[in-house]
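Visitor: Dropping in final.txt, which is compact mmCIF, C-alpha atoms:
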```
# COMPACT_ATOMS: atom_id res chain seq x y z
CA MET A 146 16.19 -22.35 8.14
CA PHE A 147 16.45 -22.28 4.41
CA ARG A 148 19.86 -20.82 3.61
CA ASN A 149 21.34 -20.63 0.13
CA ALA A 150 23.98 -23.12 -0.95
CA MET A 151 26.89 -20.68 -0.81
CA LEU A 152 27.12 -20.81 2.96
CA SER A 153 27.25 -24.61 3.05
CA GLY A 154 30.11 -24.33 0.54
CA PHE A 155 31.97 -22.10 2.97
CA SER A 156 31.71 -24.58 5.80
CA SER A 157 33.50 -27.21 3.74
CA VAL A 158 36.51 -24.88 3.61
CA ARG A 159 36.71 -25.05 7.39
CA ASN A 160 36.98 -28.83 7.37
CA VAL A 161 40.01 -28.65 5.06
CA LYS A 162 41.84 -26.77 7.82
CA ASN A 163 41.71 -29.91 9.95
CA LEU A 164 43.68 -31.80 7.31
CA PHE A 165 46.56 -29.33 7.32
CA PHE A 166 46.69 -28.96 11.10
CA PRO A 167 45.94 -32.43 12.45
CA SER A 168 46.70 -31.40 16.01
CA LEU A 169 43.90 -28.89 15.88
CA ALA A 170 41.61 -31.60 14.54
CA ASN A 171 42.19 -33.60 17.71
CA ILE A 172 41.46 -30.71 20.01
CA LYS A 173 38.37 -29.33 18.33
CA GLN A 174 36.17 -31.76 16.48
CA GLY A 175 33.19 -30.43 14.67
CA ARG A 176 32.38 -26.84 13.88
CA VAL A 177 34.19 -23.90 15.31
CA SER A 178 32.10 -21.40 17.21
CA ALA A 179 33.17 -18.50 15.12
CA VAL A 180 31.15 -15.36 15.63
CA CYS A 181 34.17 -13.20 16.53
CA ILE A 182 36.70 -14.51 13.96
CA ARG A 183 37.66 -11.87 11.49
CA SER A 184 37.11 -12.92 7.90
CA MET A 185 38.32 -11.22 4.79
CA SER A 186 35.01 -11.55 3.01
CA LYS A 187 31.65 -10.45 4.28
CA HIS A 188 30.51 -14.08 4.44
CA SER A 189 29.89 -14.82 8.07
CA SER A 190 31.27 -18.03 9.52
CA GLU A 191 28.25 -18.34 11.78
CA THR A 192 26.30 -21.57 11.56
CA GLU A 193 22.57 -21.64 10.97
CA GLU A 194 21.92 -22.78 14.53
CA GLU A 195 23.96 -19.89 15.90
CA PHE A 196 22.06 -17.46 13.69
CA ASP A 197 18.72 -18.86 14.86
CA ALA A 198 19.79 -18.78 18.48
CA ARG A 199 21.02 -15.20 18.18
CA TYR A 200 17.77 -13.90 16.74
CA GLU A 201 15.66 -15.94 19.15
CA ALA A 202 17.63 -14.55 22.07
CA TYR A 203 17.27 -11.06 20.65
CA PHE A 204 13.50 -11.28 20.44
CA ASN A 205 13.31 -12.97 23.82
CA ARG A 206 14.85 -9.99 25.60
CA SER A 207 12.35 -9.08 28.27
CA ASP A 208 13.05 -5.33 28.00
CA ILE A 209 12.82 -5.14 24.19
CA ASP A 210 10.89 -2.21 22.80
CA GLY A 211 8.92 -1.69 19.61
CA TRP A 212 11.78 0.05 17.86
CA ASP A 213 14.15 -2.90 18.20
CA VAL A 214 11.47 -5.43 17.29
CA ARG A 215 10.72 -3.57 14.07
CA LYS A 216 14.38 -3.12 13.23
CA ALA A 217 15.06 -6.83 13.60
CA MET A 218 12.00 -7.74 11.56
CA ASN A 219 13.03 -5.40 8.75
CA ASP A 220 16.53 -6.85 8.83
CA LEU A 221 15.21 -10.40 8.65
CA GLN A 222 13.08 -9.38 5.67
CA GLY A 223 16.20 -8.24 3.87
CA MET A 224 18.01 -11.55 4.27
CA ASP A 225 17.85 -14.40 1.79
CA LEU A 226 16.00 -16.79 4.09
CA VAL A 227 12.65 -17.63 5.63
CA PRO A 228 12.94 -17.31 9.42
CA GLU A 229 12.72 -20.50 11.42
CA PRO A 230 9.49 -21.07 13.34
CA LYS A 231 11.31 -20.57 16.61
CA ILE A 232 12.44 -17.11 15.56
CA ILE A 233 8.86 -16.35 14.47
CA SER A 234 7.48 -17.54 17.81
CA ALA A 235 9.96 -15.40 19.70
CA ALA A 236 9.07 -12.40 17.55
CA LEU A 237 5.35 -12.90 18.16
CA LYS A 238 5.95 -13.06 21.89
CA ALA A 239 7.99 -9.86 21.58
CA CYS A 240 5.00 -8.21 19.86
CA ARG A 241 2.89 -9.28 22.83
CA ARG A 242 5.36 -7.70 25.20
CA VAL A 243 5.22 -4.38 23.37
CA ASN A 244 1.41 -4.65 23.14
CA ASP A 245 1.21 -4.36 19.38
CA TYR A 246 -1.27 -6.71 17.74
CA ALA A 247 -0.99 -5.23 14.22
CA LEU A 248 2.76 -5.83 14.27
CA ALA A 249 2.25 -9.55 14.86
CA VAL A 250 -0.13 -9.90 11.90
CA ARG A 251 2.15 -7.79 9.70
CA PHE A 252 5.10 -10.03 10.59
CA LEU A 253 3.17 -13.15 9.59
CA GLU A 254 2.31 -11.51 6.26
CA ALA A 255 5.97 -10.60 5.80
CA VAL A 256 7.07 -14.18 6.48
CA LYS A 257 4.55 -15.48 3.96
CA ASP A 258 5.96 -13.05 1.41
CA LYS A 259 9.49 -14.33 2.06
CA CYS A 260 8.44 -17.86 1.05
CA GLY A 261 8.53 -16.73 -2.57
CA ASN A 262 7.14 -19.14 -5.10
CA ARG A 263 7.29 -22.09 -2.69
CA VAL A 264 4.73 -20.52 -0.42
CA LYS A 265 2.36 -23.51 -0.65
CA GLU A 266 4.99 -25.82 0.84
CA ILE A 267 6.61 -23.56 3.38
CA TYR A 268 3.85 -21.36 4.79
CA PRO A 269 1.50 -24.13 5.99
CA TYR A 270 4.44 -25.75 7.75
CA ILE A 271 5.33 -22.49 9.50
CA ILE A 272 1.74 -21.87 10.60
CA GLN A 273 1.51 -25.42 11.88
CA GLU A 274 4.69 -24.97 13.94
CA VAL A 275 3.64 -21.56 15.23
CA ARG A 276 0.00 -22.50 15.93
CA PRO A 277 0.52 -23.03 19.68
CA ILE A 278 1.84 -19.50 20.09
CA LEU A 279 -0.91 -18.06 17.90
CA ASP A 280 -3.55 -19.75 20.02
CA GLU A 281 -1.89 -18.77 23.27
CA LEU A 282 -1.58 -15.09 22.34
CA GLY A 283 -4.85 -14.85 20.41
CA VAL A 284 -3.19 -13.72 17.17
CA ASN A 285 -5.14 -14.39 14.00
CA THR A 286 -3.30 -15.34 10.85
CA PRO A 287 -3.76 -12.94 7.92
CA GLU A 288 -6.01 -15.56 6.28
CA GLU A 289 -8.29 -15.64 9.31
CA MET A 290 -8.53 -11.86 9.21
CA GLY A 291 -9.38 -11.93 5.53
CA TYR A 292 -6.17 -10.21 4.53
CA ASP A 293 -5.01 -12.94 2.17
CA LYS A 294 -7.12 -11.25 -0.50
CA PRO A 295 -7.12 -7.49 -1.01
CA GLU A 296 -9.78 -5.80 1.07
CA LEU A 297 -9.45 -2.13 0.20
CA TYR A 298 -8.36 -0.39 -2.96
CA LEU A 299 -5.84 2.40 -3.07
CA GLU A 300 -5.55 4.46 -6.23
CA SER A 301 -2.00 4.64 -7.51
CA VAL A 302 -0.44 8.10 -7.28
CA TYR A 303 0.38 7.83 -10.96
CA ASP A 304 -3.30 7.67 -11.83
CA ILE A 305 -4.29 10.75 -9.86
CA HIS A 306 -4.42 13.70 -12.21
CA MET B 29 25.81 -5.25 10.44
CA ALA B 30 23.62 -7.83 12.04
CA SER B 31 25.83 -8.02 15.12
CA ASN B 32 25.02 -4.40 15.86
CA LEU B 33 21.58 -5.59 16.85
CA LEU B 34 23.05 -7.05 20.00
CA LYS B 35 24.28 -3.66 21.11
CA VAL B 36 21.37 -1.91 22.76
CA PRO B 37 21.14 1.45 21.05
CA ILE B 38 21.51 4.50 23.25
CA PHE B 39 18.21 5.85 22.02
CA SER B 40 16.26 3.09 23.72
CA LYS B 41 17.15 4.67 27.06
CA LEU B 42 15.03 7.70 26.16
CA PRO B 43 11.61 7.53 27.76
CA SER B 44 9.37 7.85 24.73
CA LEU B 45 9.82 6.66 21.20
CA ALA B 46 8.75 10.01 19.81
CA THR B 47 11.93 11.66 21.11
CA ARG B 48 13.97 9.48 18.80
CA ILE B 49 13.47 12.16 16.16
CA ILE B 50 16.63 14.01 17.01
CA LEU B 51 16.96 17.79 16.69
CA PRO B 52 17.36 19.92 14.64
CA SER B 53 15.07 18.24 12.14
CA ALA B 54 12.42 17.33 14.71
CA ALA B 55 10.10 20.22 13.83
CA TYR B 56 10.57 19.61 10.11
CA HIS B 57 9.50 16.00 10.43
CA ARG B 58 6.77 16.65 12.95
CA GLU B 59 5.17 19.18 10.55
CA ARG B 60 5.00 16.56 7.88
CA ILE B 61 3.77 13.59 9.85
CA GLY B 62 1.33 15.34 12.17
CA ASN B 63 0.25 13.47 15.23
CA ARG B 64 1.46 10.07 14.04
CA GLU B 65 3.53 8.01 16.42
CA VAL B 66 7.12 7.22 15.48
CA VAL B 67 7.62 3.54 16.10
CA GLY B 68 10.74 2.34 14.36
CA PHE B 69 13.72 2.84 12.11
CA GLY B 70 11.77 2.07 8.95
CA LEU B 71 13.45 2.23 5.58
CA ASN B 72 16.27 4.65 6.25
CA GLY B 73 15.83 6.27 9.65
CA GLU B 74 13.53 9.03 8.40
CA PRO B 75 10.09 9.10 10.00
CA SER B 76 8.13 8.35 6.86
CA TYR B 77 5.45 5.86 5.97
CA ILE B 78 6.06 3.58 2.99
CA ASP B 79 4.32 0.32 2.12
CA ARG B 80 7.03 -2.00 0.86
CA THR B 81 7.25 -5.75 0.94
CA ASP B 82 10.97 -5.59 1.65
CA PHE B 83 10.56 -3.16 4.55
CA PRO B 84 7.38 -4.38 6.14
CA MET B 85 7.56 -2.23 9.29
CA PRO B 86 7.57 1.47 8.46
CA ALA B 87 8.95 4.12 10.79
CA ILE B 88 5.61 5.67 11.74
CA ARG B 89 2.08 4.49 12.25
CA PHE B 90 -0.25 5.19 9.36
CA LYS B 91 -3.08 6.96 11.14
CA GLU B 92 -2.93 9.72 13.68
CA ASN B 93 -3.89 8.87 17.21
CA SER B 94 -7.58 9.61 17.46
CA GLN B 95 -9.75 9.03 20.51
CA GLU B 96 -11.04 5.71 19.19
CA ILE B 97 -7.57 4.44 18.44
CA THR B 98 -6.23 5.48 21.83
CA THR B 99 -8.96 3.55 23.62
CA LEU B 100 -8.26 0.56 21.42
CA ARG B 101 -4.60 0.75 22.33
CA GLU B 102 -5.52 0.52 25.99
CA LYS B 103 -7.60 -2.57 25.22
CA GLU B 104 -4.67 -3.96 23.25
CA LYS B 105 -2.62 -4.07 26.42
CA GLY B 106 -4.98 -6.72 27.74
CA ASP B 107 -5.73 -10.14 26.35
CA TRP B 108 -5.88 -10.13 22.56
CA LYS B 109 -8.49 -12.87 22.58
CA GLU B 110 -10.95 -10.27 23.87
CA LEU B 111 -10.55 -8.08 20.81
CA SER B 112 -13.27 -8.49 18.22
CA MET B 113 -12.35 -9.01 14.58
CA ASP B 114 -13.42 -5.45 13.78
CA GLU B 115 -11.19 -4.07 16.52
CA LYS B 116 -8.28 -6.15 15.27
CA LYS B 117 -8.81 -4.83 11.77
CA THR B 118 -9.06 -1.27 13.07
CA LEU B 119 -5.77 -1.73 14.91
CA TYR B 120 -4.12 -3.09 11.78
CA ARG B 121 -5.38 -0.24 9.59
CA ALA B 122 -4.34 2.29 12.22
CA SER B 123 -0.74 1.12 11.92
CA PHE B 124 -0.65 0.19 8.25
CA CYS B 125 -2.16 1.51 5.06
CA GLN B 126 -2.21 -1.52 2.80
CA THR B 127 -1.98 -5.21 3.56
CA PHE B 128 0.59 -7.30 1.71
CA SER B 129 -2.00 -8.71 -0.67
CA GLU B 130 -3.17 -5.19 -1.48
CA MET B 131 0.42 -4.08 -2.09
CA LYS B 132 1.07 -7.01 -4.41
CA ALA B 133 -2.31 -7.01 -6.14
CA PRO B 134 -2.03 -6.82 -9.92
CA THR B 135 -2.91 -3.42 -11.31
CA GLY B 136 -3.96 -4.43 -14.80
CA GLU B 137 -1.56 -1.83 -16.10
CA TRP B 138 -0.42 -4.21 -18.79
CA LYS B 139 -3.73 -3.75 -20.58
CA SER B 140 -3.25 -0.03 -20.95
CA VAL B 141 0.37 -0.54 -22.01
CA LEU B 142 -0.71 -3.02 -24.70
CA ALA B 143 -3.52 -0.74 -25.82
CA GLY B 144 -1.15 2.19 -26.08
CA THR B 145 1.26 0.10 -28.14
CA PHE B 146 -1.50 -0.88 -30.57
CA VAL B 147 -2.67 2.74 -30.90
CA ALA B 148 0.88 3.80 -31.71
CA MET B 149 1.15 1.07 -34.33
CA ALA B 150 -2.15 2.15 -35.91
CA LEU B 151 -1.01 5.77 -36.02
CA THR B 152 2.15 4.66 -37.76
CA VAL B 153 0.15 2.94 -40.46
CA TRP B 154 -1.95 6.10 -40.97
CA LEU B 155 1.26 8.12 -41.15
CA TYR B 156 2.51 5.86 -43.92
CA VAL B 157 -0.74 6.30 -45.84
CA TRP B 158 -0.35 10.09 -45.61
CA MET B 159 3.28 9.84 -46.75
CA LYS B 160 2.30 7.75 -49.77
CA ASN B 161 -0.40 10.22 -50.76
CA PHE B 162 1.39 13.51 -50.20
CA VAL B 163 5.12 12.97 -49.96
CA TYR B 164 6.33 10.17 -52.17
CA GLN B 165 6.58 10.71 -55.91
CA PRO B 166 4.53 8.47 -58.20
CA MET B 167 6.03 5.06 -59.01
CA PRO B 168 7.88 4.77 -62.35
CA ASP B 169 5.89 3.21 -65.19
CA SER B 170 8.10 0.15 -65.23
CA PHE B 171 5.91 -1.07 -62.32
CA THR B 172 2.74 -1.42 -64.42
CA PRO B 173 1.58 -5.04 -64.94
CA GLU B 174 2.24 -4.95 -68.69
CA LYS B 175 5.80 -3.72 -68.28
CA LYS B 176 6.44 -6.26 -65.50
CA ALA B 177 5.19 -9.09 -67.73
CA ALA B 178 7.52 -7.90 -70.48
CA GLN B 179 10.45 -7.90 -68.05
CA LEU B 180 9.60 -11.43 -66.93
CA GLN B 181 9.53 -12.59 -70.55
CA ARG B 182 12.97 -11.03 -71.06
CA ILE B 183 14.30 -12.91 -68.00
CA ILE B 184 12.97 -16.18 -69.41
CA ASP B 185 14.49 -15.47 -72.84
CA LEU B 186 17.88 -14.71 -71.30
CA ARG B 187 17.68 -17.98 -69.29
CA VAL B 188 18.61 -16.19 -66.06
CA ASN B 189 19.64 -18.61 -63.24
CA PRO B 190 18.99 -21.75 -65.35
CA ILE B 191 20.16 -24.29 -62.76
CA GLU B 192 18.31 -23.43 -59.57
CA GLY B 193 16.60 -20.06 -60.23
CA LEU B 194 13.82 -18.68 -62.35
CA ALA B 195 14.69 -20.19 -65.77
CA SER B 196 15.04 -23.65 -64.21
CA LYS B 197 11.32 -23.51 -63.43
CA TYR B 198 10.39 -22.87 -67.10
CA ASP B 199 9.70 -25.67 -69.50
CA TYR B 200 11.33 -24.46 -72.76
CA GLU B 201 10.14 -27.42 -74.89
CA ASN B 202 6.48 -26.68 -74.29
CA ASN B 203 6.85 -22.91 -73.70
CA ARG B 204 5.16 -22.80 -70.35
CA TRP B 205 5.99 -22.97 -66.66
CA LYS B 206 6.86 -26.32 -65.19
CA ASP B 207 4.31 -27.81 -62.81
```
Do you think you could lay out the structure here as structure tokens?

Guide:
Amino acid sequence: MFRNAMLSGFSSVRNVKNLFFPSLANIKQGRVSAVCIRSMSKHSSETEEEFDARYEAYFNRSDIDGWDVRKAMNDLQGMDLVPEPKIISAALKACRRVNDYALAVRFLEAVKDKCGNRVKEIYPYIIQEVRPILDELGVNTPEEMGYDKPELYLESVYDIH
Amino acid sequence: MASNLLKVPIFSKLPSLATRIILPSAAYHRERIGNREVVGFGLNGEPSYIDRTDFPMPAIRFKENSQEITTLREKEKGDWKELSMDEKKTLYRASFCQTFSEMKAPTGEWKSVLAGTFVAMALTVWLYVWMKNFVYQPMPDSFTPEKKAAQLQRIIDLRVNPIEGLASKYDYENNRWKD
């Protein structure tokens, strides 16, 4: 996924630890699986792969219900990242399990919005990666539904007198 | 915060999502939202509908459950490939008021802001005209062209600022301004 640079800076701090404690370096090469380590700052020491795996596993729960799907989607929207295609695929399959078509389309729109000003590079890639799931489930992208341009007009409450 | 997602909330054990509105405010909220289905946490836990790009899934569906929508929901449980485009759009609009592109569409408000700014500037100019006519006293007579010419001649005679200023621009041999 597309994380900001601060987190990659944090991981370099972990490698310094191996210099001071060479015995530990022998035992555990590579990254520490660190979800439960307490840290003084709110920066998580979770790697990107662990984050992706956690959210994919969350959406892949067979007994998930609409409430949890929506909560996770709203949380993802609040994070400074565009979700990986595998998280998106898992979320779309979760929408299928809760029988909510509109939720799937809304999620795709939300992901497109997260791409920011690089939407022309990122969004086609995501759709290309997620195309098998879209075809399997019969979900149309917002563009196919005509929702990439405004369809209806809603008067702003500030203009109603 | 994110790790709390892994803990299955107690409320999911309740049979229907609607009972997640917990007493004593259940009647209060139900009065306000009518027959609309509560489907999620939304922005802050309150069962309200808001279209926001940073909270894409609101807490309640947008439309109340009518007969047509209920039958569509039954059809939604089957294969989505069998839904027509109209049915898909109906399902979307039943859950959501505006699409993302409608939310983010430009309003053209800047035009009215600019217009209002220009009107205010014009009114200011008219205000100044009124002030000049009715408030300010007449200018002293030293501002008439003849008196100003006489002052300029005095400045030239006194050779004011002869190096870089006004008198340096005057040709004293020929009694006229330098080119």

Visitor: Write out as CSV the residues of chain A that have any atom within 8 Å of an atom of chain B, one row each with the nearest atom pair and its distance in Å to one decimal, counting all atoms listed in the file, sorted by chain and then rising number.

Guide:
```
residue,atom,partner,partner_atom,distance
A:Tyr203,CA,B:Leu34,CA,7.1
A:Asp210,CA,B:Ser40,CA,7.6
A:Gly211,CA,B:Val67,CA,6.4
A:Trp212,CA,B:Gly68,CA,4.3
A:Asp213,CA,B:Gly68,CA,7.3
A:Arg215,CA,B:Met85,CA,5.9
A:Lys216,CA,B:Phe69,CA,6.1
A:Ala217,CA,B:Leu33,CA,7.4
A:Met218,CA,B:Met85,CA,7.4
A:Asn219,CA,B:Phe83,CA,5.4
A:Asp220,CA,B:Ala30,CA,7.8
A:Gln222,CA,B:Asp82,CA,5.9
A:Gly223,CA,B:Asp82,CA,6.3
A:Asn244,CA,B:Lys105,CA,5.2
A:Asp245,CA,B:Glu104,CA,7.1
A:Tyr246,CA,B:Glu104,CA,7.0
A:Ala247,CA,B:Tyr120,CA,4.5
A:Leu248,CA,B:Met85,CA,7.8
A:Val250,CA,B:Tyr120,CA,7.9
A:Arg251,CA,B:Pro84,CA,7.2
A:Phe252,CA,B:Pro84,CA,7.5
A:Glu254,CA,B:Phe128,CA,6.4
A:Ala255,CA,B:Pro84,CA,6.4
A:Asp258,CA,B:Thr81,CA,7.4
A:Leu282,CA,B:Trp108,CA,6.6
A:Gly283,CA,B:Lys109,CA,4.7
A:Val284,CA,B:Trp108,CA,7.0
A:Met290,CA,B:Met113,CA,7.2
A:Tyr292,CA,B:Thr127,CA,6.6
A:Asp293,CA,B:Ser129,CA,5.9
A:Lys294,CA,B:Ser129,CA,5.7
A:Pro295,CA,B:Glu130,CA,4.6
A:Glu296,CA,B:Glu130,CA,7.1
A:Leu297,CA,B:Glu130,CA,7.2
A:Tyr298,CA,B:Glu130,CA,7.2
A:Leu299,CA,B:Gln126,CA,7.9
```

Visitor: Which of these, A:Glu195, A:Asp208, A:Cys260, A:Lys238, has the shortest distance to Asp225 of chain A once you count only C-alpha atoms?

Guide: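 Of A:Glu195, A:Asp208, A:Cys260, A:Lys238, the one nearest Asp225 of chain A, counting only C-alpha atoms, is A:Cys260.
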
Visitor: Just checking: using all atoms listed in the file, which residue out of A:Val227, A:Tyr200, A:Val243, A:Glu300 ends up closest to Arg263 of chain A?

Guide: A:Val227

Visitor: Could you work out how far atom CA of Pro230 of chain A lies from atom CA of Val256 of chain A, giving the answer in Å with one decimal?

Guide: 10.0 Å

Visitor: Do you have the atom CA of Val275 of chain A-atom CA of Ala236 of chain A distance handy?

Guide: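 Atom CA of Ala236 of chain A lies 10.9 Å from atom CA of Val275 of chain A.
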
Visitor: Provide the atom CA of Glu288 of chain A to atom CA of Ile233 of chain A distance in Å, to one decimal place.

Guide: 17.0 Å

Visitor: Using the file's own x, y and z axes, so that the box edges lie along x, y and z, what centre and edge lengths in Å (one decimal) does a box around every listed atom of segment 225-233 of chain A get when 8 Å is added on each side? Give it as AutoDock Vina command-line options.

Guide:
```
--center_x 13.4 --center_y -17.7 --center_z 9.2 --size_x 25.0 --size_y 22.7 --size_z 30.8
```

Visitor: Excluding same-chain residues fewer than 6 positions from Ile271 of chain A, what lies within 12 Å of it counting all atoms listed in the file, as a list in words?

Guide: Met146, Val227, Pro228, Glu229, Pro230, Lys231, Ile232, Ile233, Ser234, Leu253, Glu254, Val256, Lys257, Lys259, Cys260, Val264, Lys265, Pro277, Ile278, Leu279 and Thr286 of chain A

Visitor: I'd like to know which of A:Asn285, A:Ser301, A:Thr192, A:Ser207 is closest to Glu137 of chain B, using only C-alpha atoms.

Guide: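 Answer, going by the shortest atom-to-atom distance: A:Ser301.
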